[in-house]
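Asker: Following this line is upload_32.cif, made up of mmCIF, C-alpha atoms, pLDDT in the B column; chains and numbers go by the auth columns:
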```
data_model
loop_
_atom_site.group_PDB
_atom_site.id
_atom_site.type_symbol
_atom_site.label_atom_id
_atom_site.label_comp_id
_atom_site.label_asym_id
_atom_site.label_seq_id
_atom_site.Cartn_x
_atom_site.Cartn_y
_atom_site.Cartn_z
_atom_site.B_iso_or_equiv
_atom_site.auth_seq_id
_atom_site.auth_asym_id
ATOM 1 C CA MET A 1 18.598 16.686 -12.199 41.00 1 Q
ATOM 2 C CA GLY A 2 19.788 13.178 -11.268 51.00 2 Q
ATOM 3 C CA THR A 3 16.798 11.893 -9.300 57.00 3 Q
ATOM 4 C CA SER A 4 13.113 12.621 -9.470 58.00 4 Q
ATOM 5 C CA PHE A 5 11.654 14.913 -6.846 63.00 5 Q
ATOM 6 C CA ASP A 6 9.113 13.302 -4.552 63.00 6 Q
ATOM 7 C CA PRO A 7 7.685 15.868 -2.132 73.00 7 Q
ATOM 8 C CA LEU A 8 6.490 13.212 0.323 79.00 8 Q
ATOM 9 C CA GLY A 9 9.912 11.591 0.795 87.00 9 Q
ATOM 10 C CA HIS A 10 9.154 8.320 2.546 92.00 10 Q
ATOM 11 C CA ILE A 11 6.791 6.548 4.911 94.00 11 Q
ATOM 12 C CA LYS A 12 7.467 3.770 7.415 96.00 12 Q
ATOM 13 C CA ILE A 13 4.833 1.183 8.328 96.00 13 Q
ATOM 14 C CA ALA A 14 5.308 -0.778 11.562 96.00 14 Q
ATOM 15 C CA VAL A 15 3.789 -4.264 11.502 96.00 15 Q
ATOM 16 C CA SER A 16 3.177 -6.900 14.171 95.00 16 Q
ATOM 17 C CA ASP A 17 4.826 -9.856 12.392 95.00 17 Q
ATOM 18 C CA TYR A 18 7.252 -8.707 9.723 96.00 18 Q
ATOM 19 C CA ALA A 19 9.043 -12.057 9.351 95.00 19 Q
ATOM 20 C CA GLY A 20 5.691 -13.846 9.061 94.00 20 Q
ATOM 21 C CA GLU A 21 2.829 -12.648 6.879 94.00 21 Q
ATOM 22 C CA SER A 22 3.862 -9.025 6.363 96.00 22 Q
ATOM 23 C CA ARG A 23 7.172 -9.689 4.597 96.00 23 Q
ATOM 24 C CA GLY A 24 5.557 -11.811 1.880 96.00 24 Q
ATOM 25 C CA PHE A 25 2.493 -9.566 1.620 97.00 25 Q
ATOM 26 C CA TYR A 26 4.473 -6.387 0.997 98.00 26 Q
ATOM 27 C CA GLN A 27 7.086 -8.050 -1.234 97.00 27 Q
ATOM 28 C CA ALA A 28 4.307 -9.419 -3.448 97.00 28 Q
ATOM 29 C CA LEU A 29 2.231 -6.210 -3.474 97.00 29 Q
ATOM 30 C CA PHE A 30 5.139 -3.881 -4.139 97.00 30 Q
ATOM 31 C CA GLY A 31 6.562 -6.270 -6.736 96.00 31 Q
ATOM 32 C CA GLU A 32 3.185 -6.283 -8.512 96.00 32 Q
ATOM 33 C CA LEU A 33 3.201 -2.473 -8.450 96.00 33 Q
ATOM 34 C CA GLY A 34 6.707 -2.406 -9.965 96.00 34 Q
ATOM 35 C CA TYR A 35 8.507 -0.919 -6.959 97.00 35 Q
ATOM 36 C CA GLU A 36 12.231 -1.548 -6.544 97.00 36 Q
ATOM 37 C CA GLN A 37 13.302 -3.248 -3.329 97.00 37 Q
ATOM 38 C CA VAL A 38 16.212 -1.197 -1.976 97.00 38 Q
ATOM 39 C CA ASP A 39 16.777 -2.925 1.363 96.00 39 Q
ATOM 40 C CA ASP A 40 15.990 -6.326 2.850 95.00 40 Q
ATOM 41 C CA GLY A 41 16.678 -7.363 6.422 94.00 41 Q
ATOM 42 C CA GLU A 42 15.388 -9.707 9.108 93.00 42 Q
ATOM 43 C CA ASP A 43 13.247 -7.033 10.748 96.00 43 Q
ATOM 44 C CA GLY A 44 12.248 -4.915 7.753 97.00 44 Q
ATOM 45 C CA ALA A 45 12.734 -3.857 4.171 98.00 45 Q
ATOM 46 C CA GLY A 46 12.449 -0.818 1.943 98.00 46 Q
ATOM 47 C CA TRP A 47 11.072 -0.150 -1.521 98.00 47 Q
ATOM 48 C CA GLN A 48 11.146 2.806 -3.865 95.00 48 Q
ATOM 49 C CA THR A 49 8.458 3.804 -6.343 93.00 49 Q
ATOM 50 C CA PRO A 50 9.537 4.869 -9.840 91.00 50 Q
ATOM 51 C CA GLU A 51 8.797 8.459 -8.750 88.00 51 Q
ATOM 52 C CA GLY A 52 11.095 8.197 -5.738 90.00 52 Q
ATOM 53 C CA LEU A 53 8.753 7.635 -2.778 92.00 53 Q
ATOM 54 C CA GLY A 54 10.426 5.417 -0.190 95.00 54 Q
ATOM 55 C CA ILE A 55 8.253 2.909 1.665 97.00 55 Q
ATOM 56 C CA TRP A 56 9.738 1.086 4.636 97.00 56 Q
ATOM 57 C CA VAL A 57 8.023 -1.810 6.389 97.00 57 Q
ATOM 58 C CA SER A 58 9.467 -3.034 9.658 96.00 58 Q
ATOM 59 C CA GLN A 59 8.758 -4.982 12.788 97.00 59 Q
ATOM 60 C CA ALA A 60 6.900 -2.870 15.368 96.00 60 Q
ATOM 61 C CA GLU A 61 8.957 -2.000 18.426 94.00 61 Q
ATOM 62 C CA VAL A 62 6.010 -2.567 20.783 92.00 62 Q
ATOM 63 C CA ALA A 63 3.078 -4.982 20.570 86.00 63 Q
ATOM 64 C CA GLU A 64 0.326 -2.608 21.738 88.00 64 Q
ATOM 65 C CA PRO A 65 -1.761 -0.815 20.794 88.00 65 Q
ATOM 66 C CA LYS A 66 -2.865 -2.686 17.681 88.00 66 Q
ATOM 67 C CA TYR A 67 -3.945 -0.761 14.582 90.00 67 Q
ATOM 68 C CA VAL A 68 -7.606 0.268 14.657 90.00 68 Q
ATOM 69 C CA HIS A 69 -9.013 1.800 11.486 89.00 69 Q
ATOM 70 C CA GLY A 70 -10.747 5.076 12.252 90.00 70 Q
ATOM 71 C CA ALA A 71 -8.873 5.709 15.517 91.00 71 Q
ATOM 72 C CA PRO A 72 -6.357 8.565 15.787 90.00 72 Q
ATOM 73 C CA GLY A 73 -3.358 7.829 13.602 88.00 73 Q
ATOM 74 C CA LEU A 74 -3.092 6.569 10.047 89.00 74 Q
ATOM 75 C CA HIS A 75 -6.507 6.302 8.373 92.00 75 Q
ATOM 76 C CA HIS A 76 -5.246 4.708 5.146 94.00 76 Q
ATOM 77 C CA PHE A 77 -2.348 4.884 2.745 94.00 77 Q
ATOM 78 C CA CYS A 78 -2.929 5.395 -0.999 96.00 78 Q
ATOM 79 C CA LEU A 79 -0.629 4.043 -3.708 96.00 79 Q
ATOM 80 C CA LYS A 80 -1.245 5.454 -7.178 95.00 80 Q
ATOM 81 C CA ALA A 81 -1.876 3.370 -10.286 95.00 81 Q
ATOM 82 C CA SER A 82 -1.199 4.403 -13.880 94.00 82 Q
ATOM 83 C CA SER A 83 -4.712 3.536 -15.122 97.00 83 Q
ATOM 84 C CA PRO A 84 -8.085 2.140 -14.051 98.00 84 Q
ATOM 85 C CA LYS A 85 -7.094 -1.142 -15.750 98.00 85 Q
ATOM 86 C CA ARG A 86 -4.048 -1.270 -13.450 97.00 86 Q
ATOM 87 C CA VAL A 87 -6.339 -0.854 -10.425 98.00 87 Q
ATOM 88 C CA ASP A 88 -8.426 -3.786 -11.692 98.00 88 Q
ATOM 89 C CA LYS A 89 -5.299 -5.890 -12.218 98.00 89 Q
ATOM 90 C CA ILE A 90 -4.101 -5.143 -8.669 98.00 90 Q
ATOM 91 C CA HIS A 91 -7.562 -6.111 -7.376 98.00 91 Q
ATOM 92 C CA GLN A 92 -7.359 -9.451 -9.202 98.00 92 Q
ATOM 93 C CA PHE A 93 -3.893 -9.999 -7.722 98.00 93 Q
ATOM 94 C CA LEU A 94 -5.168 -9.197 -4.204 98.00 94 Q
ATOM 95 C CA VAL A 95 -8.135 -11.561 -4.535 98.00 95 Q
ATOM 96 C CA ALA A 96 -5.810 -14.346 -5.729 97.00 96 Q
ATOM 97 C CA GLN A 97 -3.642 -13.710 -2.636 96.00 97 Q
ATOM 98 C CA GLY A 98 -6.678 -13.984 -0.332 97.00 98 Q
ATOM 99 C CA VAL A 99 -6.363 -10.358 0.846 98.00 99 Q
ATOM 100 C CA HIS A 100 -9.311 -8.755 2.662 98.00 100 Q
ATOM 101 C CA ILE A 101 -10.983 -6.263 0.309 98.00 101 Q
ATOM 102 C CA PHE A 102 -12.848 -3.351 1.932 97.00 102 Q
ATOM 103 C CA ASN A 103 -14.195 -1.936 -1.343 98.00 103 Q
ATOM 104 C CA THR A 104 -13.876 -3.516 -4.795 98.00 104 Q
ATOM 105 C CA PRO A 105 -12.668 -1.263 -7.625 98.00 105 Q
ATOM 106 C CA GLN A 106 -15.096 1.527 -8.370 98.00 106 Q
ATOM 107 C CA ALA A 107 -15.328 5.162 -9.368 98.00 107 Q
ATOM 108 C CA TYR A 108 -15.338 7.885 -6.721 98.00 108 Q
ATOM 109 C CA PRO A 109 -16.412 10.977 -8.704 97.00 109 Q
ATOM 110 C CA GLN A 110 -16.930 12.860 -5.436 97.00 110 Q
ATOM 111 C CA TYR A 111 -13.098 12.934 -5.089 96.00 111 Q
ATOM 112 C CA THR A 112 -12.126 13.793 -8.693 96.00 112 Q
ATOM 113 C CA PRO A 113 -13.897 13.045 -12.000 96.00 113 Q
ATOM 114 C CA ASP A 114 -11.429 10.232 -12.864 96.00 114 Q
ATOM 115 C CA TYR A 115 -10.936 8.738 -9.371 98.00 115 Q
ATOM 116 C CA TYR A 116 -11.037 4.924 -9.441 98.00 116 Q
ATOM 117 C CA ALA A 117 -9.798 2.821 -6.525 98.00 117 Q
ATOM 118 C CA VAL A 118 -9.706 -0.435 -4.582 98.00 118 Q
ATOM 119 C CA PHE A 119 -9.391 -0.474 -0.773 98.00 119 Q
ATOM 120 C CA PHE A 120 -7.896 -3.461 1.078 98.00 120 Q
ATOM 121 C CA ALA A 121 -6.116 -4.524 4.274 97.00 121 Q
ATOM 122 C CA ASP A 122 -2.573 -5.630 5.013 97.00 122 Q
ATOM 123 C CA PRO A 123 -2.058 -8.574 7.436 96.00 123 Q
ATOM 124 C CA ASP A 124 -2.443 -6.200 10.425 96.00 124 Q
ATOM 125 C CA GLY A 125 -5.677 -4.748 9.047 96.00 125 Q
ATOM 126 C CA ILE A 126 -3.999 -1.488 7.995 96.00 126 Q
ATOM 127 C CA LYS A 127 -6.192 0.015 5.295 97.00 127 Q
ATOM 128 C CA LEU A 128 -4.417 0.494 1.965 97.00 128 Q
ATOM 129 C CA GLU A 129 -5.672 1.840 -1.344 98.00 129 Q
ATOM 130 C CA VAL A 130 -4.538 1.607 -4.950 98.00 130 Q
ATOM 131 C CA ALA A 131 -6.077 4.430 -6.973 97.00 131 Q
ATOM 132 C CA TYR A 132 -5.976 6.073 -10.360 97.00 132 Q
ATOM 133 C CA TYR A 133 -6.676 9.809 -10.514 96.00 133 Q
#
```
As structure tokens - that is how I would like this structure written.
Answerer:
Amino acid sequence: MGTSFDPLGHIKIAVSDYAGESRGFYQALFGELGYEQVDDGEDGAGWQTPEGLGIWVSQAEVAEPKYVHGAPGLHHFCLKASSPKRVDKIHQFLVAQGVHIFNTPQAYPQYTPDYYAVFFADPDGIKLEVAYY
């Protein structure tokens, strides 16, 4: 088998200001996570995880409505880490970047016995998570 099988395929995140804050935010975050950038354009870019998940970030086609956490639509998006230490390292990276942290790294045994995660926001306030489980 030539490529790994990722059952999710890909996800696309629309942002309000790709050329501004979002481009740098996602390039830095995905670079820190070791994702390969597979496309780069004026209005968006794409990355691939080592397992084959494609993540595309692009300029939103319309300005409204803005993202509201908890409203119908995407609640949050989880990116997996290889260890709890990796979650901590990503948290340190996020703090150094001045990213809004919803929840600092901690265990969530109510999810699985080994669940350990940090929750944070992208420049549009979209809730993201890096978790080990």
Asker: If I take atom CA of Gly73 of chain Q and atom CA of Pro105 of chain Q, how far is one from the other in Å, to one decimal?
Answerer: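 That distance, rounded to one decimal, is 24.9 Å.
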Asker: Env of Thr104 of chain Q: 10 Å cut, atoms = only C-alpha atoms, seq-sep filter 4 positions within chain, self excluded. Answer as a PDB file with C-alpha atoms, in the frame of the given file.
Answerer:
```
ATOM      1  CA  VAL Q  87      -6.339  -0.854 -10.425  1.00 98.00           C
ATOM      2  CA  ASP Q  88      -8.426  -3.786 -11.692  1.00 98.00           C
ATOM      3  CA  HIS Q  91      -7.562  -6.111  -7.376  1.00 98.00           C
ATOM      4  CA  GLN Q  92      -7.359  -9.451  -9.202  1.00 98.00           C
ATOM      5  CA  VAL Q  95      -8.135 -11.561  -4.535  1.00 98.00           C
ATOM      6  CA  ALA Q 117      -9.798   2.821  -6.525  1.00 98.00           C
ATOM      7  CA  VAL Q 118      -9.706  -0.435  -4.582  1.00 98.00           C
ATOM      8  CA  PHE Q 119      -9.391  -0.474  -0.773  1.00 98.00           C
ATOM      9  CA  PHE Q 120      -7.896  -3.461   1.078  1.00 98.00           C
TER      10      PHE Q 120
END
```
Asker: In Å, with one decimal, what is the gap from atom CA of Gly9 of chain Q to atom CA of Asp39 of chain Q?
Answerer: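 For atom CA of Gly9 of chain Q relative to atom CA of Asp39 of chain Q, the distance reads 16.1 Å.
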Asker: Identify the residues around (8.9, -13.2, 9.3) within a radius of 12 Å, measuring from all atoms listed in the file in the coordinates stated by the file, and give them as a compact mmCIF listing (two decimals) with C-alpha atoms, in the coordinates of the input.
Answerer:
```
# COMPACT_ATOMS: atom_id res chain seq x y z
CA VAL Q 15 3.79 -4.26 11.50
CA SER Q 16 3.18 -6.90 14.17
CA ASP Q 17 4.83 -9.86 12.39
CA TYR Q 18 7.25 -8.71 9.72
CA ALA Q 19 9.04 -12.06 9.35
CA GLY Q 20 5.69 -13.85 9.06
CA GLU Q 21 2.83 -12.65 6.88
CA SER Q 22 3.86 -9.02 6.36
CA ARG Q 23 7.17 -9.69 4.60
CA GLY Q 24 5.56 -11.81 1.88
CA PHE Q 25 2.49 -9.57 1.62
CA TYR Q 26 4.47 -6.39 1.00
CA GLN Q 27 7.09 -8.05 -1.23
CA ASP Q 40 15.99 -6.33 2.85
CA GLY Q 41 16.68 -7.36 6.42
CA GLU Q 42 15.39 -9.71 9.11
CA ASP Q 43 13.25 -7.03 10.75
CA GLY Q 44 12.25 -4.92 7.75
CA ALA Q 45 12.73 -3.86 4.17
CA VAL Q 57 8.02 -1.81 6.39
CA SER Q 58 9.47 -3.03 9.66
CA GLN Q 59 8.76 -4.98 12.79
```
Asker: Using the chain letters and numbering of this document, enumerate as a PyMOL selection string the residues selected by the PyMOL selection byres ((chain Q and resi 132) around 12).
Answerer: chain Q and resi 78-88+90+105-109+111-118+129-131+133
Asker: Using atom CA of Ile11 of chain Q and atom CA of Trp56 of chain Q as the two end points, give the distance in Å to one decimal.
Answerer: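 A separation of 6.2 Å between them.
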Asker: Could you give me the centre and size, in Å to one decimal, of an axis-aligned box around all listed atoms of segment 75-82 of chain Q with 6 Å added on every side, as JSON?
Answerer:
```
{"center_x": -3.6, "center_y": 4.8, "center_z": -2.8, "size_x": 17.9, "size_y": 14.9, "size_z": 34.3}
```
Asker: Please list as a PyMOL selection string every residue within 7 Å of Ala121 of chain Q, counting only C-alpha atoms and excluding residues in the same chain fewer than 4 positions away.
Answerer: chain Q and resi 99-101+125-128
Asker: Taking C-alpha atoms for each residue, export the selection above as a JSON list (two decimals), keeping the file's coordinate frame.
Answerer:
```json
[["chain", "number", "residue", "atom", "x", "y", "z"],
["Q", 99, "VAL", "CA", -6.36, -10.36, 0.85],
["Q", 100, "HIS", "CA", -9.31, -8.76, 2.66],
["Q", 101, "ILE", "CA", -10.98, -6.26, 0.31],
["Q", 125, "GLY", "CA", -5.68, -4.75, 9.05],
["Q", 126, "ILE", "CA", -4.00, -1.49, 8.00],
["Q", 127, "LYS", "CA", -6.19, 0.02, 5.30],
["Q", 128, "LEU", "CA", -4.42, 0.49, 1.96]]
```
Asker: Determine the residue membership of the PyMOL selection byres ((chain Q and resi 48) around 7) for the file above and supply it as a PyMOL selection string.
Answerer: chain Q and resi 35-38+46-47+49-50+52-55
Asker: Print the selection's residues with C-alpha atoms to a file, as an mmCIF file, in the coordinates of the input.
Answerer:
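Wrote selection23.cif, looks like this:
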```
data_model
loop_
_atom_site.group_PDB
_atom_site.id
_atom_site.type_symbol
_atom_site.label_atom_id
_atom_site.label_comp_id
_atom_site.auth_asym_id
_atom_site.auth_seq_id
_atom_site.Cartn_x
_atom_site.Cartn_y
_atom_site.Cartn_z
ATOM 1 C CA TYR Q 35 8.507 -0.919 -6.959
ATOM 2 C CA GLU Q 36 12.231 -1.548 -6.544
ATOM 3 C CA GLN Q 37 13.302 -3.248 -3.329
ATOM 4 C CA VAL Q 38 16.212 -1.197 -1.976
ATOM 5 C CA GLY Q 46 12.449 -0.818 1.943
ATOM 6 C CA TRP Q 47 11.072 -0.150 -1.521
ATOM 7 C CA THR Q 49 8.458 3.804 -6.343
ATOM 8 C CA PRO Q 50 9.537 4.869 -9.840
ATOM 9 C CA GLY Q 52 11.095 8.197 -5.738
ATOM 10 C CA LEU Q 53 8.753 7.635 -2.778
ATOM 11 C CA GLY Q 54 10.426 5.417 -0.190
ATOM 12 C CA ILE Q 55 8.253 2.909 1.665
#
```
Asker: Since the input has fewer atoms than a full residue there, write segment 60-71 of chain Q out with all heavy atoms, as an mmCIF file, in the frame of the given file.
Answerer:
```
data_model
loop_
_atom_site.group_PDB
_atom_site.id
_atom_site.type_symbol
_atom_site.label_atom_id
_atom_site.label_comp_id
_atom_site.auth_asym_id
_atom_site.auth_seq_id
_atom_site.Cartn_x
_atom_site.Cartn_y
_atom_site.Cartn_z
ATOM 1 N N ALA Q 60 7.250 -3.860 14.345
ATOM 2 C CA ALA Q 60 6.900 -2.870 15.368
ATOM 3 C C ALA Q 60 7.795 -3.053 16.582
ATOM 4 O O ALA Q 60 8.191 -4.169 16.919
ATOM 5 C CB ALA Q 60 5.437 -3.023 15.760
ATOM 6 N N GLU Q 61 8.104 -1.955 17.240
ATOM 7 C CA GLU Q 61 8.957 -2.000 18.426
ATOM 8 C C GLU Q 61 8.186 -2.405 19.673
ATOM 9 O O GLU Q 61 8.768 -2.892 20.640
ATOM 10 C CB GLU Q 61 9.619 -0.640 18.625
ATOM 11 C CG GLU Q 61 10.564 -0.294 17.488
ATOM 12 C CD GLU Q 61 11.070 1.133 17.546
ATOM 13 O OE1 GLU Q 61 11.003 1.764 18.619
ATOM 14 O OE2 GLU Q 61 11.540 1.619 16.503
ATOM 15 N N VAL Q 62 6.879 -2.181 19.663
ATOM 16 C CA VAL Q 62 6.010 -2.567 20.783
ATOM 17 C C VAL Q 62 4.796 -3.306 20.225
ATOM 18 O O VAL Q 62 4.401 -3.096 19.083
ATOM 19 C CB VAL Q 62 5.558 -1.343 21.621
ATOM 20 C CG1 VAL Q 62 6.746 -0.681 22.291
ATOM 21 C CG2 VAL Q 62 4.799 -0.349 20.777
ATOM 22 N N ALA Q 63 4.203 -4.175 21.031
ATOM 23 C CA ALA Q 63 3.078 -4.982 20.570
ATOM 24 C C ALA Q 63 1.733 -4.259 20.655
ATOM 25 O O ALA Q 63 0.817 -4.571 19.920
ATOM 26 C CB ALA Q 63 3.009 -6.282 21.370
ATOM 27 N N GLU Q 64 1.601 -3.313 21.545
ATOM 28 C CA GLU Q 64 0.326 -2.608 21.738
ATOM 29 C C GLU Q 64 0.538 -1.112 21.601
ATOM 30 O O GLU Q 64 1.610 -0.615 21.909
ATOM 31 C CB GLU Q 64 -0.237 -2.922 23.141
ATOM 32 C CG GLU Q 64 -0.587 -4.386 23.360
ATOM 33 C CD GLU Q 64 -1.757 -4.883 22.531
ATOM 34 O OE1 GLU Q 64 -2.634 -4.059 22.165
ATOM 35 O OE2 GLU Q 64 -1.802 -6.081 22.238
ATOM 36 N N PRO Q 65 -0.436 -0.365 21.185
ATOM 37 C CA PRO Q 65 -1.761 -0.815 20.794
ATOM 38 C C PRO Q 65 -1.746 -1.348 19.366
ATOM 39 O O PRO Q 65 -0.876 -0.991 18.576
ATOM 40 C CB PRO Q 65 -2.612 0.449 20.890
ATOM 41 C CG PRO Q 65 -1.647 1.551 20.579
ATOM 42 C CD PRO Q 65 -0.313 1.086 21.127
ATOM 43 N N LYS Q 66 -2.695 -2.178 19.043
ATOM 44 C CA LYS Q 66 -2.865 -2.686 17.681
ATOM 45 C C LYS Q 66 -3.506 -1.602 16.822
ATOM 46 O O LYS Q 66 -4.181 -0.713 17.320
ATOM 47 C CB LYS Q 66 -3.760 -3.931 17.667
ATOM 48 C CG LYS Q 66 -3.205 -5.102 18.439
ATOM 49 C CD LYS Q 66 -2.180 -5.829 17.646
ATOM 50 C CE LYS Q 66 -1.745 -7.077 18.409
ATOM 51 N NZ LYS Q 66 -0.635 -7.718 17.824
ATOM 52 N N TYR Q 67 -3.337 -1.695 15.519
ATOM 53 C CA TYR Q 67 -3.945 -0.761 14.582
ATOM 54 C C TYR Q 67 -5.465 -0.898 14.629
ATOM 55 O O TYR Q 67 -6.004 -2.008 14.605
ATOM 56 C CB TYR Q 67 -3.451 -1.046 13.158
ATOM 57 C CG TYR Q 67 -4.178 -0.263 12.094
ATOM 58 C CD1 TYR Q 67 -3.815 1.053 11.812
ATOM 59 C CD2 TYR Q 67 -5.227 -0.820 11.377
ATOM 60 C CE1 TYR Q 67 -4.478 1.782 10.844
ATOM 61 C CE2 TYR Q 67 -5.886 -0.093 10.406
ATOM 62 C CZ TYR Q 67 -5.505 1.206 10.147
ATOM 63 O OH TYR Q 67 -6.167 1.929 9.181
ATOM 64 N N VAL Q 68 -6.145 0.237 14.704
ATOM 65 C CA VAL Q 68 -7.606 0.268 14.657
ATOM 66 C C VAL Q 68 -7.989 1.323 13.627
ATOM 67 O O VAL Q 68 -7.717 2.517 13.819
ATOM 68 C CB VAL Q 68 -8.226 0.619 16.032
ATOM 69 C CG1 VAL Q 68 -9.737 0.724 15.925
ATOM 70 C CG2 VAL Q 68 -7.816 -0.396 17.081
ATOM 71 N N HIS Q 69 -8.608 0.876 12.540
ATOM 72 C CA HIS Q 69 -9.013 1.800 11.486
ATOM 73 C C HIS Q 69 -10.055 2.775 12.036
ATOM 74 O O HIS Q 69 -11.017 2.372 12.678
ATOM 75 C CB HIS Q 69 -9.587 1.045 10.287
ATOM 76 C CG HIS Q 69 -10.078 1.952 9.213
ATOM 77 N ND1 HIS Q 69 -9.223 2.689 8.437
ATOM 78 C CD2 HIS Q 69 -11.326 2.274 8.816
ATOM 79 C CE1 HIS Q 69 -9.927 3.412 7.598
ATOM 80 N NE2 HIS Q 69 -11.209 3.180 7.809
ATOM 81 N N GLY Q 70 -9.829 4.045 11.794
ATOM 82 C CA GLY Q 70 -10.747 5.076 12.252
ATOM 83 C C GLY Q 70 -10.327 5.729 13.552
ATOM 84 O O GLY Q 70 -10.865 6.766 13.924
ATOM 85 N N ALA Q 71 -9.394 5.113 14.279
ATOM 86 C CA ALA Q 71 -8.873 5.709 15.517
ATOM 87 C C ALA Q 71 -7.832 6.767 15.147
ATOM 88 O O ALA Q 71 -7.368 6.822 14.003
ATOM 89 C CB ALA Q 71 -8.248 4.626 16.396
#
```
